[in-house]
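Okay, start.cif now, which holds mmCIF, C-alpha atoms (C1' of nucleotides):
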data_final
loop_
_atom_site.label_atom_id
_atom_site.label_comp_id
_atom_site.auth_asym_id
_atom_site.auth_seq_id
_atom_site.Cartn_x
_atom_site.Cartn_y
_atom_site.Cartn_z
CA MET K 100 14.37 -21.01 -18.08
CA ALA K 101 13.39 -17.67 -19.53
CA ARG K 102 13.95 -13.97 -19.73
CA PRO K 103 14.21 -12.36 -16.28
CA ARG K 104 12.57 -9.12 -15.22
CA ASN K 105 14.71 -6.06 -15.37
CA PHE K 106 13.07 -4.33 -12.40
CA ASP K 107 12.68 -5.05 -8.72
CA GLU K 108 9.10 -5.89 -7.80
CA ASP K 109 9.37 -4.54 -4.25
CA GLU K 110 10.88 -1.33 -5.46
CA VAL K 111 8.06 -0.72 -7.91
CA LEU K 112 5.57 -1.54 -5.18
CA GLY K 113 7.13 1.07 -2.96
CA CYS K 114 6.90 3.60 -5.74
CA ALA K 115 3.25 2.74 -6.31
CA LEU K 116 2.63 3.16 -2.59
CA ALA K 117 4.07 6.66 -2.73
CA ALA K 118 1.98 7.54 -5.77
CA PHE K 119 -1.32 6.26 -4.36
CA TRP K 120 -0.58 7.95 -1.06
CA ARG K 121 0.24 11.26 -2.64
CA ASP K 122 -2.31 11.40 -5.47
CA GLY K 123 -5.09 9.00 -4.52
CA PHE K 124 -6.49 6.01 -6.37
CA GLU K 125 -8.07 7.64 -9.41
CA ALA K 126 -5.32 10.14 -10.08
CA THR K 127 -2.69 7.40 -10.01
CA THR K 128 -2.47 5.82 -13.46
CA TYR K 129 -0.52 3.00 -14.95
CA LYS K 130 0.90 5.46 -17.45
CA GLY K 131 2.06 7.69 -14.63
CA LEU K 132 3.70 4.76 -12.87
CA GLU K 133 5.43 3.88 -16.11
CA VAL K 134 7.03 7.30 -16.22
CA GLU K 135 7.89 7.27 -12.54
CA THR K 136 9.31 3.77 -12.37
CA GLY K 137 10.64 3.35 -15.89
CA VAL K 138 8.77 0.06 -16.12
CA GLY K 139 6.44 -0.33 -19.10
CA VAL K 140 2.68 -0.38 -18.67
CA ARG K 141 2.55 -3.87 -20.10
CA SER K 142 5.03 -5.21 -17.59
CA LEU K 143 3.23 -3.57 -14.69
CA HIS K 144 0.01 -5.09 -15.80
CA ASN K 145 1.67 -8.45 -16.32
CA THR K 146 3.10 -8.41 -12.83
CA PHE K 147 0.35 -6.92 -10.71
CA GLY K 148 -2.81 -7.51 -12.71
CA GLU K 149 -5.64 -5.03 -12.71
CA LYS K 150 -5.36 -1.69 -10.98
CA GLU K 151 -7.37 -2.63 -7.93
CA ALA K 152 -5.21 -5.70 -7.34
CA LEU K 153 -2.12 -3.51 -7.30
CA PHE K 154 -3.87 -1.11 -4.95
CA LEU K 155 -4.75 -3.90 -2.54
CA ARG K 156 -1.13 -5.01 -2.43
CA VAL K 157 -0.15 -1.44 -1.72
CA LEU K 158 -2.67 -1.15 1.11
CA ALA K 159 -1.42 -4.37 2.65
CA ARG K 160 2.16 -3.14 2.46
CA TYR K 161 1.17 0.14 4.08
CA ARG K 162 -0.47 -1.68 6.95
CA GLU K 163 2.56 -3.87 7.49
CA LEU K 164 4.84 -0.86 7.60
CA ALA K 165 2.56 0.85 10.10
CA GLN K 166 2.40 -2.32 12.15
CA ALA K 167 6.15 -2.41 12.41
CA THR K 168 6.36 1.22 13.47
CA LEU K 169 3.64 0.75 16.05
CA ALA K 170 5.41 -2.22 17.53
CA GLN K 171 8.44 -0.01 18.15
CA VAL K 172 6.57 2.93 19.64
CA PHE K 173 4.43 0.75 21.89
CA ASP K 174 7.30 -1.21 23.39
CA PRO K 175 6.55 -1.19 26.20
CA PRO K 176 2.83 -0.39 25.88
CA GLY K 177 1.38 2.29 28.13
CA VAL K 178 0.22 5.87 28.45
CA ALA K 179 3.73 7.13 27.84
CA ALA K 180 3.72 5.48 24.43
CA ILE K 181 0.39 7.08 23.58
CA ARG K 182 1.70 10.48 24.57
CA ALA K 183 4.83 9.98 22.51
CA LEU K 184 2.75 9.03 19.50
CA LEU K 185 0.41 12.00 19.80
CA SER K 186 3.25 14.43 20.39
CA GLY K 187 4.77 13.31 17.14
CA MET K 188 1.53 13.96 15.25
CA GLY K 189 1.79 17.71 15.44
CA GLN K 190 5.40 17.92 14.39
CA PRO K 191 6.92 18.10 10.92
CA ALA K 192 7.41 14.61 9.54
CA GLU K 193 10.41 13.20 7.78
CA GLY K 194 10.68 12.01 4.23
CA ASP K 195 9.35 13.31 0.95
CA GLU K 196 7.45 16.55 1.36
CA ALA K 197 4.48 15.72 -0.84
CA ILE K 198 3.96 12.48 1.03
CA ARG K 199 4.57 13.58 4.59
CA ASN K 200 1.77 16.12 4.21
CA ALA K 201 -0.62 13.73 2.52
CA GLY K 202 -2.02 12.47 5.81
CA CYS K 203 -2.86 8.77 5.98
CA LEU K 204 -3.32 6.56 2.95
CA MET K 205 -6.14 4.66 4.65
CA VAL K 206 -8.09 7.77 5.60
CA ASN K 207 -7.68 9.22 2.14
CA THR K 208 -8.77 5.95 0.61
CA VAL K 209 -12.02 5.77 2.52
CA PHE K 210 -12.86 9.32 1.55
CA GLU K 211 -12.15 8.69 -2.08
CA LEU K 212 -13.64 5.23 -2.48
CA GLY K 213 -16.42 5.67 0.06
CA ARG K 214 -18.84 3.10 -1.15
CA ALA K 215 -16.48 1.12 -3.33
CA SER K 216 -14.90 -2.33 -3.28
CA ASP K 217 -15.49 -4.62 -0.32
CA ALA K 218 -11.90 -5.81 -0.41
CA VAL K 219 -10.67 -2.25 0.07
CA ARG K 220 -13.08 -1.62 2.90
CA ALA K 221 -11.91 -4.78 4.61
CA GLU K 222 -8.29 -3.71 4.38
CA VAL K 223 -9.09 -0.33 5.88
CA GLU K 224 -11.09 -1.90 8.66
CA ALA K 225 -8.17 -4.19 9.49
CA TYR K 226 -6.01 -1.10 9.78
CA ARG K 227 -8.46 0.58 12.16
CA GLN K 228 -8.66 -2.57 14.21
CA MET K 229 -4.91 -2.65 14.54
CA TRP K 230 -4.94 0.84 16.06
CA ARG K 231 -7.87 0.10 18.32
CA ASP K 232 -6.15 -2.97 19.75
CA THR K 233 -2.90 -1.12 20.21
CA PHE K 234 -4.51 1.71 22.17
CA ARG K 235 -6.57 -0.67 24.24
CA THR K 236 -3.58 -2.74 25.19
CA ALA K 237 -1.65 0.37 26.12
CA LEU K 238 -4.47 1.70 28.32
CA GLU K 239 -4.93 -1.65 30.03
CA ALA K 240 -1.20 -1.95 30.62
CA ASP K 241 -1.41 1.10 32.86
CA GLY K 242 -4.59 -0.08 34.53
CA ILE K 243 -6.80 2.62 33.03
CA PRO K 244 -10.49 1.65 33.20
CA ASP K 245 -12.96 1.73 30.36
CA ALA K 246 -10.11 0.94 27.98
CA GLY K 247 -12.32 -0.29 25.15
CA ARG K 248 -14.45 2.83 24.88
CA ARG K 249 -11.49 5.10 25.35
CA ALA K 250 -9.45 3.31 22.72
CA GLU K 251 -12.34 3.89 20.35
CA PHE K 252 -12.19 7.58 21.14
CA LEU K 253 -8.46 7.68 20.52
CA VAL K 254 -8.89 6.12 17.11
CA GLY K 255 -11.47 8.77 16.32
CA ALA K 256 -9.22 11.57 17.47
CA LEU K 257 -6.28 10.16 15.58
CA TRP K 258 -8.23 10.01 12.35
CA GLY K 259 -9.41 13.51 13.01
CA MET K 260 -5.80 14.64 13.17
CA LEU K 261 -4.92 12.82 9.99
CA SER K 262 -7.89 14.51 8.34
CA GLN K 263 -6.66 17.87 9.51
CA ILE K 264 -3.26 17.21 8.01
CA ARG K 265 -4.78 16.34 4.68
CA LEU K 266 -7.10 19.33 4.83
CA GLU K 267 -4.41 21.89 5.43
CA GLY K 268 -1.63 20.07 3.66
CA ARG K 269 0.83 20.31 6.53
CA THR K 270 1.61 18.03 9.42
CA GLU K 271 1.51 20.80 12.02
CA ALA K 272 -2.23 21.23 11.43
CA ALA K 273 -2.80 18.31 13.78
CA ALA K 274 -1.17 20.07 16.71
CA PRO K 275 -4.25 21.61 18.40
CA LEU K 276 -6.14 18.33 18.37
CA ALA K 277 -3.08 16.37 19.45
CA GLN K 278 -2.42 18.70 22.37
CA VAL K 279 -5.90 18.46 23.83
CA THR K 280 -5.99 14.72 23.28
CA ILE K 281 -2.79 14.34 25.27
CA GLU K 282 -4.29 16.35 28.09
CA THR K 283 -7.32 14.10 28.06
CA VAL K 284 -5.22 10.95 28.25
CA GLU K 285 -3.24 12.36 31.13
CA ALA K 286 -6.46 13.17 32.95
CA TRP K 287 -7.41 9.52 32.57
CA ALA K 288 -4.03 8.47 33.91
CA ALA K 289 -4.52 10.82 36.87
CA GLY K 290 -7.74 9.02 37.65
CA ASN K 291 -10.36 11.45 36.28
CA MET S 199 -38.89 37.61 -25.93
CA ALA S 200 -38.07 33.96 -26.32
CA ARG S 201 -38.67 30.44 -25.26
CA PRO S 202 -38.67 30.08 -21.45
CA ARG S 203 -36.98 27.31 -19.46
CA ASN S 204 -39.12 24.42 -18.46
CA PHE S 205 -37.26 23.72 -15.20
CA ASP S 206 -36.60 25.60 -11.99
CA GLU S 207 -32.98 26.63 -11.67
CA ASP S 208 -32.96 26.53 -7.87
CA GLU S 209 -34.54 23.11 -7.84
CA VAL S 210 -31.89 21.71 -10.15
CA LEU S 211 -29.21 23.34 -8.04
CA GLY S 212 -30.59 21.63 -4.96
CA CYS S 213 -30.52 18.32 -6.77
CA ALA S 214 -26.93 18.89 -7.85
CA LEU S 215 -26.03 19.72 -4.26
CA ALA S 216 -27.43 16.39 -3.12
CA ALA S 217 -25.57 14.54 -5.85
CA PHE S 218 -22.18 16.14 -5.21
CA TRP S 219 -22.64 15.66 -1.49
CA ARG S 220 -23.54 12.03 -1.80
CA ASP S 221 -21.23 10.93 -4.62
CA GLY S 222 -18.41 13.46 -4.75
CA PHE S 223 -17.19 15.64 -7.58
CA GLU S 224 -15.83 13.07 -10.00
CA ALA S 225 -18.60 10.54 -9.62
CA THR S 226 -21.25 13.17 -10.26
CA THR S 227 -21.71 13.52 -14.02
CA TYR S 228 -23.81 15.76 -16.18
CA LYS S 229 -25.42 12.63 -17.64
CA GLY S 230 -26.32 11.48 -14.15
CA LEU S 231 -27.85 14.84 -13.33
CA GLU S 232 -29.83 14.63 -16.55
CA VAL S 233 -31.41 11.38 -15.41
CA GLU S 234 -31.99 12.65 -11.87
CA THR S 235 -33.44 16.01 -12.77
CA GLY S 236 -35.03 15.28 -16.12
CA VAL S 237 -33.19 18.26 -17.56
CA GLY S 238 -31.09 17.63 -20.67
CA VAL S 239 -27.32 17.77 -20.56
CA ARG S 240 -27.33 20.60 -23.07
CA SER S 241 -29.64 22.73 -20.95
CA LEU S 242 -27.61 22.10 -17.82
CA HIS S 243 -24.49 23.11 -19.62
CA ASN S 244 -26.24 26.15 -21.08
CA THR S 245 -27.40 27.28 -17.67
CA PHE S 246 -24.49 26.52 -15.40
CA GLY S 247 -21.51 26.38 -17.73
CA GLU S 248 -18.66 23.99 -17.13
CA LYS S 249 -18.76 21.41 -14.37
CA GLU S 250 -16.54 23.28 -11.97
CA ALA S 251 -18.70 26.40 -12.26
CA LEU S 252 -21.74 24.39 -11.26
CA PHE S 253 -19.77 22.87 -8.41
CA LEU S 254 -18.76 26.28 -7.14
CA ARG S 255 -22.37 27.43 -7.11
CA VAL S 256 -23.25 24.30 -5.18
CA LEU S 257 -20.50 24.94 -2.62
CA ALA S 258 -21.68 28.50 -2.14
CA ARG S 259 -25.24 27.34 -1.62
CA TYR S 260 -24.07 24.76 0.89
CA ARG S 261 -22.24 27.41 2.84
CA GLU S 262 -25.25 29.70 2.87
CA LEU S 263 -27.47 26.93 4.17
CA ALA S 264 -24.98 26.12 6.91
CA GLN S 265 -24.69 29.79 7.76
CA ALA S 266 -28.44 30.01 8.28
CA THR S 267 -28.48 26.95 10.52
CA LEU S 268 -25.55 28.23 12.54
CA ALA S 269 -27.26 31.56 13.09
CA GLN S 270 -30.19 29.71 14.64
CA VAL S 271 -28.16 27.43 16.89
CA PHE S 272 -25.88 30.21 18.09
CA ASP S 273 -28.64 32.61 19.07
CA PRO S 274 -27.66 33.52 21.66
CA PRO S 275 -23.97 32.62 21.31
CA GLY S 276 -22.28 30.83 24.19
CA VAL S 277 -21.05 27.56 25.58
CA ALA S 278 -24.59 26.21 25.74
CA ALA S 279 -24.90 26.61 21.99
CA ILE S 280 -21.61 24.78 21.45
CA ARG S 281 -22.79 21.94 23.64
CA ALA S 282 -26.10 21.77 21.78
CA LEU S 283 -24.28 21.62 18.48
CA LEU S 284 -21.88 18.88 19.54
CA SER S 285 -24.63 16.83 21.15
CA GLY S 286 -26.44 16.83 17.85
CA MET S 287 -23.36 15.53 16.01
CA GLY S 288 -23.57 12.07 17.47
CA GLN S 289 -27.23 11.57 16.86
CA PRO S 290 -29.03 10.24 13.80
CA ALA S 291 -29.68 13.06 11.35
CA GLU S 292 -32.84 13.82 9.46
CA GLY S 293 -33.39 13.76 5.74
CA ASP S 294 -32.32 11.41 3.00
CA GLU S 295 -30.33 8.46 4.31
CA ALA S 296 -27.59 8.48 1.72
CA ILE S 297 -26.95 12.15 2.36
CA ARG S 298 -27.25 12.32 6.12
CA ASN S 299 -24.47 9.75 6.39
CA ALA S 300 -22.26 11.42 3.83
CA GLY S 301 -20.63 13.70 6.36
CA CYS S 302 -19.82 17.22 5.24
CA LEU S 303 -19.62 18.28 1.62
CA MET S 304 -16.71 20.61 2.35
CA VAL S 305 -14.64 17.97 4.13
CA ASN S 306 -15.31 15.45 1.41
CA THR S 307 -14.38 18.00 -1.22
CA VAL S 308 -11.00 18.77 0.26
CA PHE S 309 -10.17 15.10 0.44
CA GLU S 310 -11.18 14.50 -3.13
CA LEU S 311 -9.80 17.63 -4.75
CA GLY S 312 -6.86 18.06 -2.42
CA ARG S 313 -4.51 20.05 -4.57
CA ALA S 314 -7.02 21.16 -7.17
CA SER S 315 -8.70 24.42 -8.14
CA ASP S 316 -7.91 27.55 -6.17
CA ALA S 317 -11.51 28.70 -6.34
CA VAL S 318 -12.64 25.51 -4.61
CA ARG S 319 -10.00 25.84 -1.94
CA ALA S 320 -11.08 29.41 -1.31
CA GLU S 321 -14.69 28.36 -0.86
CA VAL S 322 -13.72 25.66 1.61
CA GLU S 323 -11.53 28.06 3.52
CA ALA S 324 -14.41 30.53 3.77
CA TYR S 325 -16.48 27.75 5.26
CA ARG S 326 -13.82 26.94 7.86
CA GLN S 327 -13.50 30.60 8.69
CA MET S 328 -17.23 30.81 9.29
CA TRP S 329 -17.01 28.05 11.88
CA ARG S 330 -13.92 29.48 13.50
CA ASP S 331 -15.58 32.87 13.95
CA THR S 332 -18.75 31.32 15.29
CA PHE S 333 -16.92 29.31 17.92
CA ARG S 334 -14.73 32.20 18.89
CA THR S 335 -17.68 34.53 19.34
CA ALA S 336 -19.48 31.94 21.43
CA LEU S 337 -16.48 31.39 23.70
CA GLU S 338 -15.92 35.10 24.14
CA ALA S 339 -19.60 35.63 24.89
CA ASP S 340 -19.14 33.52 28.01
CA GLY S 341 -15.87 35.15 28.91
CA ILE S 342 -13.74 32.10 28.23
CA PRO S 343 -10.08 33.00 27.77
CA ASP S 344 -7.84 31.94 24.91
CA ALA S 345 -10.87 31.93 22.66
CA GLY S 346 -8.94 32.08 19.40
CA ARG S 347 -6.78 29.04 19.99
CA ARG S 348 -9.65 27.08 21.47
CA ALA S 349 -11.93 27.93 18.58
CA GLU S 350 -9.24 26.53 16.30
CA PHE S 351 -9.27 23.33 18.29
CA LEU S 352 -13.03 23.08 18.06
CA VAL S 353 -12.93 23.39 14.29
CA GLY S 354 -10.39 20.58 14.23
CA ALA S 355 -12.48 18.38 16.44
CA LEU S 356 -15.60 19.09 14.42
CA TRP S 357 -13.90 18.13 11.18
CA GLY S 358 -12.63 15.03 12.87
CA MET S 359 -16.20 14.08 13.71
CA LEU S 360 -17.35 14.73 10.17
CA SER S 361 -14.51 12.55 8.96
CA GLN S 362 -15.59 9.79 11.28
CA ILE S 363 -19.11 9.97 9.93
CA ARG S 364 -17.88 9.66 6.39
CA LEU S 365 -15.53 6.85 7.33
CA GLU S 366 -18.13 4.68 8.99
CA GLY S 367 -21.06 5.86 6.95
CA ARG S 368 -23.27 6.64 9.92
CA THR S 369 -23.83 9.77 11.94
CA GLU S 370 -23.48 8.02 15.27
CA ALA S 371 -19.82 7.35 14.59
CA ALA S 372 -19.09 10.89 15.76
CA ALA S 373 -20.44 10.24 19.25
CA PRO S 374 -17.21 9.30 21.08
CA LEU S 375 -15.38 12.36 19.80
CA ALA S 376 -18.36 14.62 20.42
CA GLN S 377 -18.74 13.41 23.98
CA VAL S 378 -15.17 14.08 24.99
CA THR S 379 -15.18 17.42 23.21
CA ILE S 380 -18.21 18.49 25.22
CA GLU S 381 -16.45 17.52 28.43
CA THR S 382 -13.47 19.57 27.38
CA VAL S 383 -15.59 22.64 26.67
CA GLU S 384 -17.30 22.31 30.02
CA ALA S 385 -13.95 22.12 31.73
CA TRP S 386 -13.08 25.43 30.07
CA ALA S 387 -16.36 26.89 31.27
CA ALA S 388 -15.59 25.65 34.78
CA GLY S 389 -12.35 27.57 34.65
CA ASN S 390 -9.81 24.79 33.95
"C1'" DG J 108 24.09 -22.38 -31.49
"C1'" DT J 109 19.49 -24.03 -30.86
"C1'" DT J 110 15.33 -24.34 -28.32
"C1'" DG J 111 11.97 -22.83 -25.14
"C1'" DT J 112 9.95 -19.55 -22.05
"C1'" DT J 113 9.07 -15.11 -20.24
"C1'" DT J 114 9.26 -10.32 -20.63
"C1'" DT J 115 8.76 -6.26 -23.17
"C1'" DG J 116 7.18 -2.56 -26.43
"C1'" DC J 117 3.83 -1.12 -29.65
"C1'" DA J 118 -0.53 -0.62 -31.32
"C1'" DT J 119 -5.12 -0.89 -30.39
"C1'" DC J 120 -9.82 -1.60 -28.47
"C1'" DG J 121 -13.79 -0.06 -25.84
"C1'" DC J 122 -15.43 2.96 -22.53
"C1'" DC J 123 -17.04 7.15 -20.40
"C1'" DC J 124 -16.27 11.72 -19.59
"C1'" DG J 125 -16.84 16.93 -20.52
"C1'" DA J 126 -17.82 19.88 -23.96
"C1'" DT J 127 -19.75 21.91 -28.29
"C1'" DG J 128 -22.07 22.70 -33.19
"C1'" DC J 129 -26.27 22.66 -35.26
"C1'" DA J 130 -30.84 22.39 -36.46
"C1'" DA J 131 -35.51 21.86 -34.70
"C1'" DT J 132 -38.67 23.58 -31.28
"C1'" DA J 133 -41.32 26.41 -28.22
"C1'" DT J 134 -42.61 30.71 -26.53
"C1'" DC J 135 -43.17 35.94 -26.31
"C1'" DT J 136 -44.06 40.30 -28.74
"C1'" DG J 137 -46.35 42.84 -31.90
"C1'" DC N 254 -50.17 35.04 -38.02
"C1'" DA N 255 -45.29 36.43 -38.44
"C1'" DG N 256 -40.85 37.37 -36.67
"C1'" DA N 257 -37.38 37.28 -33.12
"C1'" DT N 258 -35.01 34.75 -29.62
"C1'" DA N 259 -33.75 31.49 -26.19
"C1'" DT N 260 -34.06 26.59 -25.18
"C1'" DT N 261 -33.77 21.94 -26.28
"C1'" DG N 262 -32.34 17.34 -28.28
"C1'" DC N 263 -29.21 14.92 -31.16
"C1'" DA N 264 -24.99 13.83 -32.84
"C1'" DT N 265 -20.37 14.32 -32.36
"C1'" DC N 266 -15.53 15.56 -31.10
"C1'" DG N 267 -11.32 15.01 -28.43
"C1'" DG N 268 -9.14 13.01 -24.66
"C1'" DG N 269 -7.70 9.91 -21.06
"C1'" DC N 270 -8.34 5.77 -18.89
"C1'" DG N 271 -7.81 0.51 -18.11
"C1'" DA N 272 -7.02 -3.38 -20.45
"C1'" DT N 273 -5.36 -6.71 -24.03
"C1'" DG N 274 -3.36 -9.03 -28.52
"C1'" DC N 275 0.66 -9.82 -30.80
"C1'" DA N 276 5.13 -10.10 -32.37
"C1'" DA N 277 9.94 -9.01 -31.34
"C1'" DA N 278 13.47 -9.35 -27.91
"C1'" DA N 279 16.16 -11.19 -24.13
"C1'" DC N 280 17.78 -14.62 -21.45
"C1'" DA N 281 18.43 -19.66 -19.38
"C1'" DA N 282 19.18 -24.50 -20.23
"C1'" DC N 283 21.12 -27.74 -22.94
#

Please, can you express the file's structure as structure tokens?
Amino acid sequence: MARPRNFDEDEVLGCALAAFWRDGFEATTYKGLEVETGVGVRSLHNTFGEKEALFLRVLARYRELAQATLAQVFDPPGVAAIRALLSGMGQPAEGDEAIRNAGCLMVNTVFELGRASDAVRAEVEAYRQMWRDTFRTALEADGIPDAGRRAEFLVGALWGMLSQIRLEGRTEAAAPLAQVTIETVEAWAAGN
Amino acid sequence: MARPRNFDEDEVLGCALAAFWRDGFEATTYKGLEVETGVGVRSLHNTFGEKEALFLRVLARYRELAQATLAQVFDPPGVAAIRALLSGMGQPAEGDEAIRNAGCLMVNTVFELGRASDAVRAEVEAYRQMWRDTFRTALEADGIPDAGRRAEFLVGALWGMLSQIRLEGRTEAAAPLAQVTIETVEAWAAGN
DNA sequence: GTTGTTTTGCATCGCCCGATGCAATATCTG
DNA sequence: CAGATATTGCATCGGGCGATGCAAAACAAC
């Protein structure tokens, strides 16, 4: 047929995910990705199209990764899983330092692109919905009433923690919020 | 002497505050301010210097305005003042629509300029410190123990609410978080 | 080896930004 | 009115971005 690519598409996508996560949409440039990946600007553009198209693929990948992690933590679903998740929020994360303290790509994206592209907003909303459903299912699994409203609160608190992390640049910044949120959930479980 | 200015410096500063608040640092341009204020780019630059200098003046002004409002709400300081403040968070705000749903200029700034200018970071940190001290004083005024740590939590929760507002683009989005935070504060006041 | 197709590298375009030089302009002082 | 001085408007510079045109290069099929 023809000349094959001399880079792995998934690998480049992962690298782009890291860059967008760490630096944000605007600050991440095709030139920068060229340096980081070793793949020429022209090839990147050939493969992924315009910048926003690449970004949307990155967002989708991020959501899939989160989905997979959530499925593990919430198996089985329940208050214990919620507590485990929140406990982890306040502790140092694994992986690359610049990234593990960057908070959440989705939160950062909304702050940066506030009133931008509908496609981006839709992707972020899908992400939020995923969390909402997960919390709700977990609360219902343990027979906790008012699960819908309370799941909504948990999403809010979670995003608050992620904001804190971004604000202070370190994962541990979420600890105070996480701690009190855990206490609240346990009060629910105790019937209050 | 010489030719006088034909614009009011404070007025332009207020306009710049609105623009940065609504659109963020990058999206706010000198050209845009020229259109909005009717003052030429050259004059703006003459008066305020480079863009970051103008931004720093805006941040300082924002903090002073907030300081004044806080002094009113927390007179006298105490749990009641905290409750009043949090109750207000979940309700529709006054003023220009685009701005009242923009959240908090300081929160937005940190998200946008994450690892940028030290001067900006210092200004934001001063703002956080102002809140921390206010909460701490209020808690101590009512004899609530562990005031320092709990004030820290309140700052976190507050910034979480402001994030929520920005995320959803409407003030009411903070309501779930505000409600539970109020309950938590009242539990402290009740001695738990 | 020849042909055909895709990728790749290089150069370039158009755009918008922040910033500045310069000359014309408007006002105050005397 | 005349002179001094700060402001203003215009044109422009330099830079970085996303995006694209084009020809050379690399590989697969035959």

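Every residue of chain J that lies within 7 Å of chain S is listed here, counting all atoms listed in the file: DA133, DT134, DC135 and DT136 of chain J.
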
| message | Once the PyMOL selection byres ((chain J and resi 132) around 9) has been evaluated on this model, what residues remain selected, and can you format them as an MDAnalysis selection string? | response | (chainID J and resid 131 133) or (chainID N and resid 260:261)

Could you list the residues chosen by the PyMOL selection byres ((chain K) within 7 of (chain S)) in this structure as a short mmCIF file (atom, residue, chain, number, x, y, z; two decimals) with C-alpha atoms, in the frame of the given file?
data_model
loop_
_atom_site.label_atom_id
_atom_site.label_comp_id
_atom_site.auth_asym_id
_atom_site.auth_seq_id
_atom_site.Cartn_x
_atom_site.Cartn_y
_atom_site.Cartn_z
CA ASN K 207 -7.68 9.22 2.14
CA VAL K 209 -12.02 5.77 2.52
CA PHE K 210 -12.86 9.32 1.55
CA GLU K 211 -12.15 8.69 -2.08
CA PHE K 252 -12.19 7.58 21.14
CA GLY K 255 -11.47 8.77 16.32
CA ALA K 256 -9.22 11.57 17.47
CA TRP K 258 -8.23 10.01 12.35
CA GLY K 259 -9.41 13.51 13.01
CA MET K 260 -5.80 14.64 13.17
CA SER K 262 -7.89 14.51 8.34
CA GLN K 263 -6.66 17.87 9.51
CA ARG K 265 -4.78 16.34 4.68
CA LEU K 266 -7.10 19.33 4.83
CA PRO K 275 -4.25 21.61 18.40
CA LEU K 276 -6.14 18.33 18.37
#

| query | Between CA of Ala221 in chain K and CA of Ala192 in chain K, what is the spacing in Å? | reply | 27.8 Å

| Residue members of the PyMOL selection byres ((chain S and resi 275) around 10) in the file shown, as a PyMOL selection string | chain S and resi 268-274+276-280+332-340

Under the rule of at most 9 Å, produce a per-residue listing of chain N near chain K: chain, number, name, the closest pair of atoms, and the distance in Å, as JSON lines, using all atoms listed in the file.
{"residue": "N:DC270", "atom": "C1'", "partner": "K:Thr128", "partner_atom": "CA", "distance": 8.0}
{"residue": "N:DG271", "atom": "C1'", "partner": "K:Lys150", "partner_atom": "CA", "distance": 7.9}
{"residue": "N:DA272", "atom": "C1'", "partner": "K:Glu149", "partner_atom": "CA", "distance": 8.0}
{"residue": "N:DA279", "atom": "C1'", "partner": "K:Arg102", "partner_atom": "CA", "distance": 5.7}
{"residue": "N:DC280", "atom": "C1'", "partner": "K:Arg102", "partner_atom": "CA", "distance": 4.2}
{"residue": "N:DA281", "atom": "C1'", "partner": "K:Met100", "partner_atom": "CA", "distance": 4.5}
{"residue": "N:DA282", "atom": "C1'", "partner": "K:Met100", "partner_atom": "CA", "distance": 6.3}

| query | Can you list, as an MDAnalysis selection string, every protein, DNA or RNA residue that comes within 12 Å of Leu252 in chain S when you count only C-alpha atoms (C1' of nucleotides), leaving out same-chain residues fewer than 3 positions away? | reply | chainID S and resid 207:208 210:215 217:218 223 226:228 231 242:249 255:259 318

Same residues, C-alpha atoms, output as a PDB file, in the frame of the given file:
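Output file result-v6.pdb follows:
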ATOM      1  CA  GLU S 207     -32.980  26.630 -11.670  1.00  0.00           C
ATOM      2  CA  ASP S 208     -32.960  26.530  -7.870  1.00  0.00           C
ATOM      3  CA  VAL S 210     -31.890  21.710 -10.150  1.00  0.00           C
ATOM      4  CA  LEU S 211     -29.210  23.340  -8.040  1.00  0.00           C
ATOM      5  CA  GLY S 212     -30.590  21.630  -4.960  1.00  0.00           C
ATOM      6  CA  CYS S 213     -30.520  18.320  -6.770  1.00  0.00           C
ATOM      7  CA  ALA S 214     -26.930  18.890  -7.850  1.00  0.00           C
ATOM      8  CA  LEU S 215     -26.030  19.720  -4.260  1.00  0.00           C
ATOM      9  CA  ALA S 217     -25.570  14.540  -5.850  1.00  0.00           C
ATOM     10  CA  PHE S 218     -22.180  16.140  -5.210  1.00  0.00           C
ATOM     11  CA  PHE S 223     -17.190  15.640  -7.580  1.00  0.00           C
ATOM     12  CA  THR S 226     -21.250  13.170 -10.260  1.00  0.00           C
ATOM     13  CA  THR S 227     -21.710  13.520 -14.020  1.00  0.00           C
ATOM     14  CA  TYR S 228     -23.810  15.760 -16.180  1.00  0.00           C
ATOM     15  CA  LEU S 231     -27.850  14.840 -13.330  1.00  0.00           C
ATOM     16  CA  LEU S 242     -27.610  22.100 -17.820  1.00  0.00           C
ATOM     17  CA  HIS S 243     -24.490  23.110 -19.620  1.00  0.00           C
ATOM     18  CA  ASN S 244     -26.240  26.150 -21.080  1.00  0.00           C
ATOM     19  CA  THR S 245     -27.400  27.280 -17.670  1.00  0.00           C
ATOM     20  CA  PHE S 246     -24.490  26.520 -15.400  1.00  0.00           C
ATOM     21  CA  GLY S 247     -21.510  26.380 -17.730  1.00  0.00           C
ATOM     22  CA  GLU S 248     -18.660  23.990 -17.130  1.00  0.00           C
ATOM     23  CA  LYS S 249     -18.760  21.410 -14.370  1.00  0.00           C
ATOM     24  CA  ARG S 255     -22.370  27.430  -7.110  1.00  0.00           C
ATOM     25  CA  VAL S 256     -23.250  24.300  -5.180  1.00  0.00           C
ATOM     26  CA  LEU S 257     -20.500  24.940  -2.620  1.00  0.00           C
ATOM     27  CA  ALA S 258     -21.680  28.500  -2.140  1.00  0.00           C
ATOM     28  CA  ARG S 259     -25.240  27.340  -1.620  1.00  0.00           C
ATOM     29  CA  VAL S 318     -12.640  25.510  -4.610  1.00  0.00           C
TER      30      VAL S 318
END
